[in-house]
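Raw contents of protein_23.cif, mmCIF, C-alpha atoms and all ligand atoms:
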data_start
loop_
_atom_site.label_atom_id
_atom_site.label_comp_id
_atom_site.auth_asym_id
_atom_site.auth_seq_id
_atom_site.Cartn_x
_atom_site.Cartn_y
_atom_site.Cartn_z
CA MET A 268 41.42 100.00 102.75
CA ALA A 269 41.82 96.32 101.92
CA HIS A 270 39.86 97.07 98.75
CA GLY A 271 42.33 99.81 97.84
CA HIS A 272 40.21 102.78 98.91
CA GLN A 273 41.42 105.90 100.65
CA LEU A 274 39.35 106.85 103.67
CA THR A 275 38.72 109.87 105.80
CA LEU A 276 36.94 109.54 109.13
CA PHE A 277 35.14 112.65 110.32
CA ASN A 278 34.05 112.42 113.94
CA ARG A 279 34.55 114.13 117.28
CA GLY A 280 37.22 111.67 118.42
CA LYS A 281 35.06 110.61 121.36
CA THR A 282 33.88 107.10 120.50
CA CYS A 283 36.66 104.50 120.57
CA PRO A 284 39.43 106.91 119.56
CA PHE A 285 42.66 105.34 118.23
CA LEU A 286 40.73 102.40 116.80
CA PHE A 287 41.93 103.02 113.25
CA PRO A 288 45.43 104.52 113.48
CA ALA A 289 46.12 103.98 109.78
CA VAL A 290 43.12 106.03 108.64
CA GLU A 291 43.14 109.77 108.07
CA GLU A 292 40.93 111.38 110.73
CA ILE A 293 39.45 114.84 110.88
CA HIS A 294 38.10 115.65 114.29
CA GLY A 295 35.08 117.90 114.46
CA ASP A 296 31.41 118.02 115.27
CA ARG A 297 29.07 117.69 112.29
CA TYR A 298 26.73 120.24 113.86
CA GLN A 299 29.26 123.07 113.67
CA ASP A 300 32.53 121.99 112.04
CA LEU A 301 31.65 121.04 108.47
CA TYR A 302 34.11 123.71 107.28
CA LEU A 303 36.90 121.28 108.27
CA LEU A 304 35.93 119.23 105.21
CA SER A 305 36.38 122.05 102.72
CA GLY A 306 38.78 121.73 99.81
CA LYS A 307 38.59 117.92 99.68
CA VAL A 308 36.78 115.54 97.37
CA TRP A 309 35.59 111.96 97.77
CA ASP A 310 33.64 109.46 95.69
CA VAL A 311 31.12 108.83 98.43
CA VAL A 312 30.20 109.84 101.96
CA ILE A 313 28.79 107.27 104.40
CA ASP A 314 26.85 109.23 107.00
CA THR A 315 26.67 107.12 110.18
CA CYS A 316 25.39 109.69 112.66
CA GLY A 317 22.48 111.51 111.05
CA TYR A 318 19.75 112.07 113.62
CA HIS A 319 18.76 115.68 113.01
CA PRO A 320 17.13 116.48 109.63
CA ALA A 321 18.38 120.06 109.45
CA ALA A 322 21.94 118.97 110.24
CA VAL A 323 21.79 116.18 107.65
CA GLY A 324 20.46 118.71 105.13
CA ARG A 325 23.40 121.01 105.90
CA SER A 326 25.86 118.13 105.41
CA ALA A 327 24.26 117.22 102.10
CA HIS A 328 24.43 120.82 100.85
CA TYR A 329 27.98 121.22 102.10
CA LEU A 330 29.19 118.01 100.46
CA ASN A 331 27.37 118.56 97.17
CA GLY A 332 30.22 118.92 94.70
CA ALA A 333 32.71 117.30 97.08
CA VAL A 334 31.21 113.81 96.85
CA GLU A 335 29.46 112.02 93.99
CA ARG A 336 27.11 109.96 96.13
CA TYR A 337 25.62 110.04 99.63
CA ILE A 338 25.02 106.88 101.66
CA PHE A 339 22.79 107.58 104.62
CA ILE A 340 22.53 105.13 107.50
CA SER A 341 18.87 105.27 108.41
CA SER A 342 16.90 102.71 110.43
CA ILE A 343 13.93 100.35 110.26
CA SER A 344 12.43 102.71 112.85
CA VAL A 345 11.22 104.77 109.88
CA TYR A 346 8.26 102.38 109.48
CA ARG A 347 4.93 103.50 110.84
CA ASP A 348 3.27 100.33 112.02
CA PHE A 349 5.17 97.47 113.66
CA SER A 350 2.04 95.45 114.28
CA VAL A 351 2.43 94.53 110.61
CA PRO A 352 4.78 91.62 109.80
CA ARG A 353 7.15 91.50 106.84
CA LEU A 354 7.62 95.23 106.36
CA ASN A 355 9.56 96.03 103.22
CA GLU A 356 11.07 99.11 101.62
CA TYR A 357 7.67 100.14 100.24
CA SER A 358 5.87 100.00 103.58
CA GLU A 359 4.44 103.20 104.96
CA THR A 360 6.87 105.40 106.87
CA ARG A 361 6.28 107.71 109.79
CA SER A 362 5.35 111.33 109.39
CA TRP A 363 6.27 114.22 111.61
CA PRO A 364 3.40 115.10 113.99
CA GLU A 365 1.72 118.35 112.96
CA ASP A 366 2.22 119.84 116.41
CA GLY A 367 5.71 118.30 116.77
CA ASN A 368 8.58 120.40 118.04
CA PRO A 369 11.35 120.36 115.38
CA GLN A 370 13.94 120.38 118.19
CA ASP A 371 12.49 117.24 119.80
CA MET A 372 15.40 114.78 119.73
CA SER A 373 13.78 112.23 122.03
CA ALA A 374 13.65 108.51 121.29
CA ASP A 375 9.94 108.91 120.46
CA THR A 376 10.74 110.97 117.37
CA TYR A 377 13.76 108.91 116.24
CA GLY A 378 11.94 107.13 113.40
CA ALA A 379 10.20 110.25 112.06
CA ARG A 380 13.49 112.15 112.21
CA LYS A 381 15.22 109.43 110.21
CA VAL A 382 12.50 109.75 107.53
CA LEU A 383 13.11 113.51 107.35
CA CYS A 384 16.88 112.93 107.24
CA GLU A 385 16.45 110.65 104.21
CA LEU A 386 14.36 113.34 102.51
CA ALA A 387 16.94 116.01 103.37
CA VAL A 388 19.62 113.93 101.63
CA ASP A 389 17.39 113.43 98.59
CA GLU A 390 16.73 117.14 98.25
CA VAL A 391 20.36 117.44 97.20
CA PHE A 392 21.37 113.93 96.09
CA ALA A 393 18.20 112.63 94.40
CA GLY A 394 19.21 109.68 92.21
CA ARG A 395 22.66 109.64 93.83
CA SER A 396 21.67 108.52 97.32
CA LEU A 397 21.58 105.16 99.04
CA HIS A 398 19.52 104.80 102.21
CA ILE A 399 20.34 101.81 104.40
CA ARG A 400 17.74 100.93 107.02
CA PRO A 401 19.29 98.56 109.58
CA GLY A 402 17.53 96.77 112.42
CA ALA A 403 19.37 95.99 115.66
CA LEU A 404 23.13 95.83 115.13
CA ALA A 405 25.46 93.62 117.10
CA GLY A 406 29.11 92.65 117.44
CA PRO A 407 32.18 94.00 119.22
CA TYR A 408 31.93 97.73 120.08
CA GLU A 409 28.12 97.55 120.19
CA SER A 410 26.91 100.92 121.31
CA PHE A 411 23.89 100.06 123.48
CA GLY A 412 24.85 96.87 125.32
CA ARG A 413 21.75 94.97 124.21
CA VAL A 414 23.46 91.70 123.33
CA ALA A 415 25.93 92.34 126.14
CA TYR A 416 23.05 92.30 128.64
CA TRP A 417 22.18 88.73 127.67
CA LEU A 418 25.79 87.56 127.63
CA GLN A 419 26.45 89.09 131.05
CA ARG A 420 23.20 87.70 132.37
CA MET A 421 24.05 84.17 131.26
CA ALA A 422 27.52 84.53 132.75
CA ARG A 423 26.01 85.54 136.11
CA GLY A 424 24.24 82.17 136.19
CA GLY A 425 21.23 81.03 138.20
CA GLN A 426 17.69 81.32 136.88
CA VAL A 427 17.51 83.65 133.90
CA LEU A 428 14.25 85.36 133.03
CA ALA A 429 13.49 84.88 129.34
CA PRO A 430 10.65 86.97 127.90
CA GLY A 431 7.52 85.76 126.18
CA ASP A 432 7.41 83.09 123.53
CA PRO A 433 10.63 81.06 122.98
CA ARG A 434 9.81 80.84 119.28
CA GLN A 435 9.44 84.60 118.74
CA PRO A 436 11.63 85.79 115.87
CA LEU A 437 14.73 87.86 116.51
CA GLN A 438 16.70 89.88 113.99
CA LEU A 439 20.30 90.83 114.66
CA LEU A 440 22.89 91.89 112.14
CA ASP A 441 26.61 91.94 112.79
CA ALA A 442 27.80 95.50 112.17
CA ARG A 443 30.89 94.10 110.42
CA ASP A 444 28.68 92.27 107.88
CA LEU A 445 26.70 95.46 107.35
CA ALA A 446 29.86 97.51 106.91
CA SER A 447 31.49 95.23 104.36
CA TRP A 448 28.24 95.03 102.39
CA ILE A 449 27.95 98.83 102.39
CA VAL A 450 31.48 99.06 100.96
CA ARG A 451 30.47 96.70 98.14
CA MET A 452 27.29 98.72 97.55
CA ALA A 453 29.38 101.88 97.34
CA GLU A 454 31.76 100.22 94.89
CA CYS A 455 28.95 99.28 92.53
CA LYS A 456 27.41 102.76 92.90
CA GLN A 457 24.13 101.35 94.14
CA THR A 458 21.35 103.81 94.90
CA GLY A 459 17.89 103.49 96.43
CA ILE A 460 16.53 102.19 99.73
CA PHE A 461 17.50 98.92 101.39
CA ASN A 462 16.43 97.34 104.65
CA ALA A 463 19.39 95.64 106.32
CA VAL A 464 18.45 93.00 108.87
CA GLY A 465 19.60 89.46 109.42
CA PRO A 466 19.88 86.58 109.42
CA PRO A 467 18.03 85.45 106.29
CA LYS A 468 16.87 82.27 108.06
CA LEU A 469 14.50 82.57 111.02
CA LEU A 470 16.33 83.06 114.32
CA THR A 471 14.28 82.53 117.47
CA PHE A 472 14.79 84.12 120.87
CA GLU A 473 15.32 80.64 122.29
CA GLU A 474 18.11 79.90 119.84
CA PHE A 475 19.69 83.25 120.65
CA LEU A 476 19.64 82.59 124.39
CA TYR A 477 21.02 79.05 124.03
CA THR A 478 23.85 80.42 121.90
CA CYS A 479 24.60 83.05 124.57
CA GLN A 480 24.75 80.23 127.14
CA LYS A 481 27.09 78.23 124.95
CA VAL A 482 29.43 81.18 124.39
CA VAL A 483 29.83 82.28 128.02
CA LYS A 484 30.19 78.66 129.23
CA ALA A 485 28.46 79.25 132.57
CA GLY A 486 25.69 77.28 134.21
CA SER A 487 22.31 79.02 134.01
CA ALA A 488 18.71 77.90 133.74
CA ILE A 489 16.38 79.70 131.35
CA LYS A 490 12.89 80.31 132.67
CA TRP A 491 10.29 81.71 130.27
CA VAL A 492 7.88 84.25 131.71
CA SER A 493 4.76 85.03 129.73
CA GLU A 494 4.36 88.26 127.85
CA GLN A 495 1.09 88.95 129.68
CA ARG A 496 2.80 88.77 133.07
CA LEU A 497 5.71 90.96 131.99
CA LEU A 498 3.41 93.61 130.53
CA ALA A 499 1.10 93.47 133.55
CA GLU A 500 4.12 94.17 135.77
CA GLY A 501 5.08 97.12 133.58
CA VAL A 502 8.27 95.60 132.15
CA ARG A 503 9.27 97.77 129.20
CA PRO A 504 9.93 95.84 126.00
CA TRP A 505 13.26 96.60 124.30
CA THR A 506 14.40 99.32 126.73
CA GLU A 507 14.23 97.21 129.90
CA LEU A 508 14.54 93.72 128.48
CA PRO A 509 16.75 94.29 125.46
CA LEU A 510 15.73 92.85 122.10
CA TRP A 511 12.34 91.64 123.40
CA VAL A 512 9.23 92.94 121.65
CA PRO A 513 5.70 91.78 122.49
CA GLU A 514 3.32 90.26 119.99
CA PHE A 515 1.73 93.61 119.03
CA LEU A 516 5.14 94.94 117.92
CA ARG A 517 6.36 91.72 116.35
CA GLY A 518 6.84 93.41 112.97
CA LEU A 519 9.97 95.02 114.42
CA GLN A 520 11.65 91.60 114.38
CA GLU A 521 10.20 90.40 111.10
CA VAL A 522 11.38 93.02 108.65
CA ARG A 523 12.12 91.78 105.16
CA ALA A 524 15.54 92.38 103.64
CA GLN A 525 15.22 90.28 100.47
CA LYS A 526 16.47 93.23 98.43
CA ALA A 527 19.69 93.40 100.45
CA PHE A 528 20.23 89.63 100.36
CA GLY A 529 19.70 89.78 96.60
CA GLN A 530 22.47 92.37 96.46
CA GLY A 531 24.94 90.27 98.42
CA LEU A 532 24.35 90.99 102.13
CA ILE A 533 25.89 87.98 103.89
CA CYS A 534 25.44 87.24 107.60
CA ARG A 535 28.05 85.37 109.60
CA PRO A 536 26.81 82.69 112.06
CA LEU A 537 25.29 84.12 115.24
CA GLU A 538 27.74 82.18 117.40
CA MET A 539 30.66 84.02 115.80
CA THR A 540 29.11 87.41 116.54
CA LEU A 541 28.39 86.44 120.15
CA GLN A 542 31.82 84.86 120.66
CA ASP A 543 33.65 87.93 119.33
CA THR A 544 31.43 90.25 121.40
CA TRP A 545 32.10 88.20 124.53
CA GLU A 546 35.88 88.21 123.91
CA TRP A 547 35.79 91.97 123.35
CA MET A 548 33.85 92.42 126.60
CA GLN A 549 36.51 90.46 128.49
CA GLU A 550 39.34 92.54 127.05
CA ALA A 551 37.79 95.97 127.00
CA THR A 552 35.40 96.15 129.98
CA PRO A 553 33.11 98.34 127.88
CA VAL A 554 31.04 101.05 129.49
CA TRP A 555 27.69 101.99 127.96
CA PRO A 556 25.66 105.08 128.64
CA GLU A 557 23.53 104.06 131.56
CA GLN A 558 20.79 101.67 130.46
CA PRO A 559 17.84 100.89 132.67
CA TRP A 560 18.03 97.14 132.00
CA LEU A 561 16.11 94.79 134.25
CA THR A 562 17.75 94.72 137.68
CA PRO A 563 18.55 91.42 139.46
CA GLU A 564 16.00 92.30 142.18
CA ARG A 565 13.19 92.93 139.71
CA GLU A 566 14.10 89.82 137.77
CA ALA A 567 13.95 87.72 140.98
CA PHE A 568 10.53 89.21 141.78
CA LEU A 569 9.20 88.44 138.31
CA LEU A 570 10.51 84.89 138.52
CA SER A 571 9.03 84.24 141.95
N1 LIG A 601 23.16 100.56 116.80
C1 LIG A 601 22.08 100.02 116.25
O1 LIG A 601 21.57 98.94 116.67
C2 LIG A 601 21.42 100.71 115.07
C3 LIG A 601 20.25 100.17 114.51
C4 LIG A 601 19.67 100.81 113.41
C5 LIG A 601 20.25 101.93 112.87
N2 LIG A 601 21.38 102.44 113.44
C6 LIG A 601 21.98 103.64 112.85
O2 LIG A 601 23.35 103.36 112.57
C7 LIG A 601 24.14 104.53 112.73
C8 LIG A 601 25.30 104.23 113.66
O3 LIG A 601 24.80 103.85 114.92
P1 LIG A 601 25.69 103.95 116.22
O4 LIG A 601 24.83 103.40 117.31
O5 LIG A 601 27.02 103.37 115.99
O6 LIG A 601 25.80 105.55 116.29
P2 LIG A 601 26.69 106.56 117.14
O7 LIG A 601 27.01 105.95 118.45
O8 LIG A 601 25.98 107.85 117.09
O9 LIG A 601 28.09 106.73 116.40
C9 LIG A 601 28.32 106.75 115.06
C10 LIG A 601 29.65 107.46 114.78
O10 LIG A 601 29.36 108.82 114.53
C11 LIG A 601 30.27 109.66 115.22
N3 LIG A 601 29.50 110.84 115.67
C12 LIG A 601 28.44 110.88 116.51
N4 LIG A 601 28.00 112.15 116.67
C13 LIG A 601 28.81 112.93 115.91
C14 LIG A 601 28.86 114.34 115.66
N5 LIG A 601 28.00 115.20 116.24
N6 LIG A 601 29.80 114.80 114.80
C15 LIG A 601 30.69 113.95 114.22
N7 LIG A 601 30.69 112.62 114.42
C16 LIG A 601 29.77 112.11 115.26
C17 LIG A 601 30.76 108.84 116.40
O11 LIG A 601 32.10 109.18 116.76
P3 LIG A 601 32.42 110.32 117.89
O12 LIG A 601 31.59 110.00 119.07
O13 LIG A 601 33.88 110.13 118.13
O14 LIG A 601 32.08 111.63 117.28
C18 LIG A 601 30.72 107.42 115.85
O15 LIG A 601 31.95 107.11 115.24
C19 LIG A 601 23.17 105.62 113.25
O16 LIG A 601 22.78 106.41 112.17
C20 LIG A 601 21.96 104.83 113.78
O17 LIG A 601 20.78 105.57 113.67
C21 LIG A 601 21.99 101.86 114.50
#
As structure tokens, please, write out the structure in this file.
Ligand SMILES: NC(=O)c1ccc[n+]([C@@H]2O[C@H](COP(=O)([O-])OP(=O)(O)OC[C@H]3O[C@@H](n4cnc5c(N)ncnc54)[C@H](OP(=O)(O)O)[C@@H]3O)[C@@H](O)[C@H]2O)c1
Amino acid sequence: MAHGHQLTLFNRGKTCPFLFPAVEEIHGDRYQDLYLLSGKVWDVVIDTCGYHPAAVGRSAHYLNGAVERYIFISSISVYRDFSVPRLNEYSETRSWPEDGNPQDMSADTYGARKVLCELAVDEVFAGRSLHIRPGALAGPYESFGRVAYWLQRMARGGQVLAPGDPRQPLQLLDARDLASWIVRMAECKQTGIFNAVGPPKLLTFEEFLYTCQKVVKAGSAIKWVSEQRLLAEGVRPWTELPLWVPEFLRGLQEVRAQKAFGQGLICRPLEMTLQDTWEWMQEATPVWPEQPWLTPEREAFLLS
């Protein structure tokens, strides 16, 4: 809006309703209520909740004629092999398993579904589509509580279990930086495929944890526990200890986004993202869908 655009938000009105009172909102479910969009035209659609290829295909067909261009928010999960470092937009993507159930919406099929969603958009908007593939997103209103886990953990104090190698790379992009870049990409009618991860300079897990400590201003001692021990105890990377990936999946945290940086993606300092997230957590007491993060008891056991 600050750039002089007119916006319409189409969502179910479930996630953070009332956040944008000045924006026109149409409330409906993309799976059954596309008709609510009829009779309107826009320059561009930015599809932020495409997880089901058939549904994304329906949206693309429905909006053909109503929008000039389609921006699809995909994911770096489209890539097939995360044992490979420095994946770029040309790296091999996942394919749908031959015996796969098309209705399988589990986390295991997330990446392959995103690939099919991109293709579904291109069936209608070939040459007029922009696919953005973000890595982990952060900032206020974060939807999974991954960064929040580490902020809360530092605030709780005591000995904090830190996973694996302190110098392992970590990629985190502030959703606000991603959003403002996408607006600029829409304005210049950019098309194609872009990874969107940050920061451009190497961030290590150690630096991330020290910055969390600094932001929450509580006394805590970081204790590194080896990857071998964590894996031997069955600790689940990413889904139990958020943002941690072991060596054999390191490519997940080393994705290249030179194309996006070349087109003006700018990342604010990590401390700003963490500070704003921490302030939001104090004000809003956010509730996430239940996450099976490492419990204090299990952490104490692993540290002992
Ligand atoms: N979060 C990350 O770290 C991350 C990383 C890589 C890629 N991505 C991608 O980025 C996009 C946004 O992620 P997110 O975590 O913010 O997603 P999200 O929680 O699914 O929400 C995105 C928005 O879509 C709306 N929405 C969800 N389901 C809808 C439906 N059936 N009909 C209409 N509106 C619907 C939600 O509002 P309502 O609930 O009010 O409908 C919300 O405003 C996704 O495509 C995701 O795959 C996210």
(message) If I take CA of Phe285 (chain A) and CA of Val464 (chain A), how far is one from the other in Å, to one decimal?
(response)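 That distance, rounded to one decimal, is 28.7 Å.
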Per residue of chain A within 7 Å of ligand LIG 601 (chain A), record the nearest atom pair and its distance in Å to one decimal, counting all atoms listed in the file, with rows in chain order and ascending residue number, as a tab-separated table.
residue	atom	partner	partner_atom	distance
A:Phe277	CA	A:LIG601	N7	6.1
A:Asn278	CA	A:LIG601	N7	3.4
A:Arg279	CA	A:LIG601	O14	3.5
A:Gly280	CA	A:LIG601	O13	3.7
A:Lys281	CA	A:LIG601	O13	3.5
A:Thr282	CA	A:LIG601	O13	3.8
A:Cys283	CA	A:LIG601	O13	6.7
A:Pro284	CA	A:LIG601	O13	6.6
A:Gly295	CA	A:LIG601	C15	5.9
A:Asp296	CA	A:LIG601	N6	3.6
A:Arg297	CA	A:LIG601	N6	3.9
A:Tyr298	CA	A:LIG601	N5	5.7
A:Thr315	CA	A:LIG601	O16	4.4
A:Cys316	CA	A:LIG601	O16	4.2
A:Gly317	CA	A:LIG601	O16	5.2
A:Tyr318	CA	A:LIG601	O17	6.6
A:Ile340	CA	A:LIG601	O16	4.8
A:Ser341	CA	A:LIG601	O16	5.5
A:Ser342	CA	A:LIG601	C5	4.2
A:Ile343	CA	A:LIG601	C4	6.6
A:Arg400	CA	A:LIG601	C5	6.4
A:Pro401	CA	A:LIG601	C4	4.5
A:Gly402	CA	A:LIG601	C4	4.7
A:Ala403	CA	A:LIG601	O1	3.8
A:Leu404	CA	A:LIG601	O1	3.8
A:Ala405	CA	A:LIG601	O1	6.6
A:Glu409	CA	A:LIG601	N1	6.7
A:Ser410	CA	A:LIG601	O4	5.1
A:Phe411	CA	A:LIG601	N1	6.7
(request) Would you list the contacts of region 539-550 of chain A as a PyMOL selection string, taking every protein, DNA or RNA residue within 7 Å and counting all atoms listed in the file, but skipping same-chain residues closer than 2 positions in sequence? (result) chain A and resi 406-407+441+479+482+535-537+552-553
Those residues with C-alpha atoms, as a PDB file, in the frame of the given file please?
ATOM      1  CA  GLY A 406      29.110  92.650 117.440  1.00  0.00           C
ATOM      2  CA  PRO A 407      32.180  94.000 119.220  1.00  0.00           C
ATOM      3  CA  ASP A 441      26.610  91.940 112.790  1.00  0.00           C
ATOM      4  CA  CYS A 479      24.600  83.050 124.570  1.00  0.00           C
ATOM      5  CA  VAL A 482      29.430  81.180 124.390  1.00  0.00           C
ATOM      6  CA  ARG A 535      28.050  85.370 109.600  1.00  0.00           C
ATOM      7  CA  PRO A 536      26.810  82.690 112.060  1.00  0.00           C
ATOM      8  CA  LEU A 537      25.290  84.120 115.240  1.00  0.00           C
ATOM      9  CA  THR A 552      35.400  96.150 129.980  1.00  0.00           C
ATOM     10  CA  PRO A 553      33.110  98.340 127.880  1.00  0.00           C
TER      11      PRO A 553
END
(request) May I have the residues within 8 Å of Trp309 (chain A) as a list of chain:residue names, using only C-alpha atoms and disregarding those fewer than 3 positions away in the same chain? (result) A:Val312, A:Ala333, A:Val334, A:Glu335
(request) Between CA of Arg361 (chain A) and CA of Ala393 (chain A), measure the distance and give it in Å to one decimal. (result) 20.1 Å
(message) Restricting the calculation to all atoms listed in the file: of A:Pro504, A:Gly306, A:Gly486, A:Gly459, which residue gets closest to Glu385 (chain A)?
(response) A:Gly459
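Applying the 12 Å criterion to (3.4, 113.5, 112.6) in file coordinates and using only C-alpha atoms, one obtains the residues Arg347, Thr360, Arg361, Ser362, Trp363, Pro364, Glu365, Asp366, Gly367, Asn368, Pro369, Asp375, Thr376, Tyr377, Gly378, Ala379, Arg380, Val382 and Leu383 of chain A.
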Using C-alpha atoms, can you write the selected residues to a file as a PDB file, in the coordinates of the input?
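File written: out19.pdb
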ATOM      1  CA  ARG A 347       4.930 103.500 110.840  1.00  0.00           C
ATOM      2  CA  THR A 360       6.870 105.400 106.870  1.00  0.00           C
ATOM      3  CA  ARG A 361       6.280 107.710 109.790  1.00  0.00           C
ATOM      4  CA  SER A 362       5.350 111.330 109.390  1.00  0.00           C
ATOM      5  CA  TRP A 363       6.270 114.220 111.610  1.00  0.00           C
ATOM      6  CA  PRO A 364       3.400 115.100 113.990  1.00  0.00           C
ATOM      7  CA  GLU A 365       1.720 118.350 112.960  1.00  0.00           C
ATOM      8  CA  ASP A 366       2.220 119.840 116.410  1.00  0.00           C
ATOM      9  CA  GLY A 367       5.710 118.300 116.770  1.00  0.00           C
ATOM     10  CA  ASN A 368       8.580 120.400 118.040  1.00  0.00           C
ATOM     11  CA  PRO A 369      11.350 120.360 115.380  1.00  0.00           C
ATOM     12  CA  ASP A 375       9.940 108.910 120.460  1.00  0.00           C
ATOM     13  CA  THR A 376      10.740 110.970 117.370  1.00  0.00           C
ATOM     14  CA  TYR A 377      13.760 108.910 116.240  1.00  0.00           C
ATOM     15  CA  GLY A 378      11.940 107.130 113.400  1.00  0.00           C
ATOM     16  CA  ALA A 379      10.200 110.250 112.060  1.00  0.00           C
ATOM     17  CA  ARG A 380      13.490 112.150 112.210  1.00  0.00           C
ATOM     18  CA  VAL A 382      12.500 109.750 107.530  1.00  0.00           C
ATOM     19  CA  LEU A 383      13.110 113.510 107.350  1.00  0.00           C
TER      20      LEU A 383
END
Select from region 499-524 of chain A every residue with an atom at most 10 Å from any atom of region 355-359 of chain A, then for each give the shortest pair of atoms and their distance in Å to one decimal, using all atoms listed in the file, rows by chain and rising number, as a tab-separated table.
residue	atom	partner	partner_atom	distance
A:Glu521	CA	A:Asn355	CA	9.7
A:Val522	CA	A:Asn355	CA	6.5
A:Arg523	CA	A:Asn355	CA	5.3
A:Ala524	CA	A:Asn355	CA	7.0
(message) Give me the residues near Thr506 (chain A) as a ChimeraX atom specification, where near means some atom within 7 Å (using only C-alpha atoms) and where sequence neighbours in that chain fewer than 3 positions away do not count.
(response) /A:503,509,560
Store the residues of this selection in a file with C-alpha atoms, as a compact mmCIF listing (two decimals), in the frame of the given file.
# COMPACT_ATOMS: atom_id res chain seq x y z
CA ARG A 503 9.27 97.77 129.20
CA PRO A 509 16.75 94.29 125.46
CA TRP A 560 18.03 97.14 132.00
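For the atom pair formed by CA of Ala269 (chain A) and CA of Gly531 (chain A), the distance is 18.3 Å, given to one decimal.
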Residues near Val391 (chain A), cut-off 10 Å, all atoms listed in the file, skip fewer than 3 positions along chain, as a compact mmCIF listing (two decimals) with C-alpha atoms, in the coordinates of the input:
# COMPACT_ATOMS: atom_id res chain seq x y z
CA GLY A 324 20.46 118.71 105.13
CA ARG A 325 23.40 121.01 105.90
CA SER A 326 25.86 118.13 105.41
CA ALA A 327 24.26 117.22 102.10
CA HIS A 328 24.43 120.82 100.85
CA TYR A 329 27.98 121.22 102.10
CA LEU A 330 29.19 118.01 100.46
CA ASN A 331 27.37 118.56 97.17
CA TYR A 337 25.62 110.04 99.63
CA LEU A 386 14.36 113.34 102.51
CA ALA A 387 16.94 116.01 103.37
CA VAL A 388 19.62 113.93 101.63
CA GLY A 394 19.21 109.68 92.21
CA ARG A 395 22.66 109.64 93.83
CA SER A 396 21.67 108.52 97.32
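Comparing A:Val308, A:Gln419, A:Gln299, A:Gln520 by their smallest distance to Thr275 (chain A), the closest is A:Val308 (using all atoms listed in the file).
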Axis-aligned box for all listed atoms of region 371-386 of chain A, 4 Å per side, centre and edges in Å to one decimal, as AutoDock Vina command-line options:
--center_x 13.4 --center_y 112.2 --center_z 112.3 --size_x 14.9 --size_y 18.1 --size_z 27.5
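You can rank A:Phe349, A:Tyr408, A:Phe515, A:Trp491 by their closest distance to Pro430 (chain A) using only C-alpha atoms, and at the top of that list sits A:Trp491.
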(message) Taking all atoms listed in the file into account, name the residue in A:Val502, A:Val323, A:Val450, A:Leu397 that is nearest to Arg565 (chain A).
(response) A:Val502
(message) Given only C-alpha atoms as the basis, pick out the residue of A:Lys526, A:Leu469, A:Gln480, A:Ile533 nearest to Leu418 (chain A).
(response) A:Gln480
(message) Please list as a PyMOL selection string every residue within 10 Å of Gly518 (chain A), counting only C-alpha atoms and excluding residues in the same chain fewer than 6 positions away.
(response) chain A and resi 346+348-354+436+512
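In this comparison, which uses all atoms listed in the file, the residue of A:Ile489, A:Leu498, A:Leu570, A:Leu304 approaching Met421 (chain A) most closely is A:Ile489.
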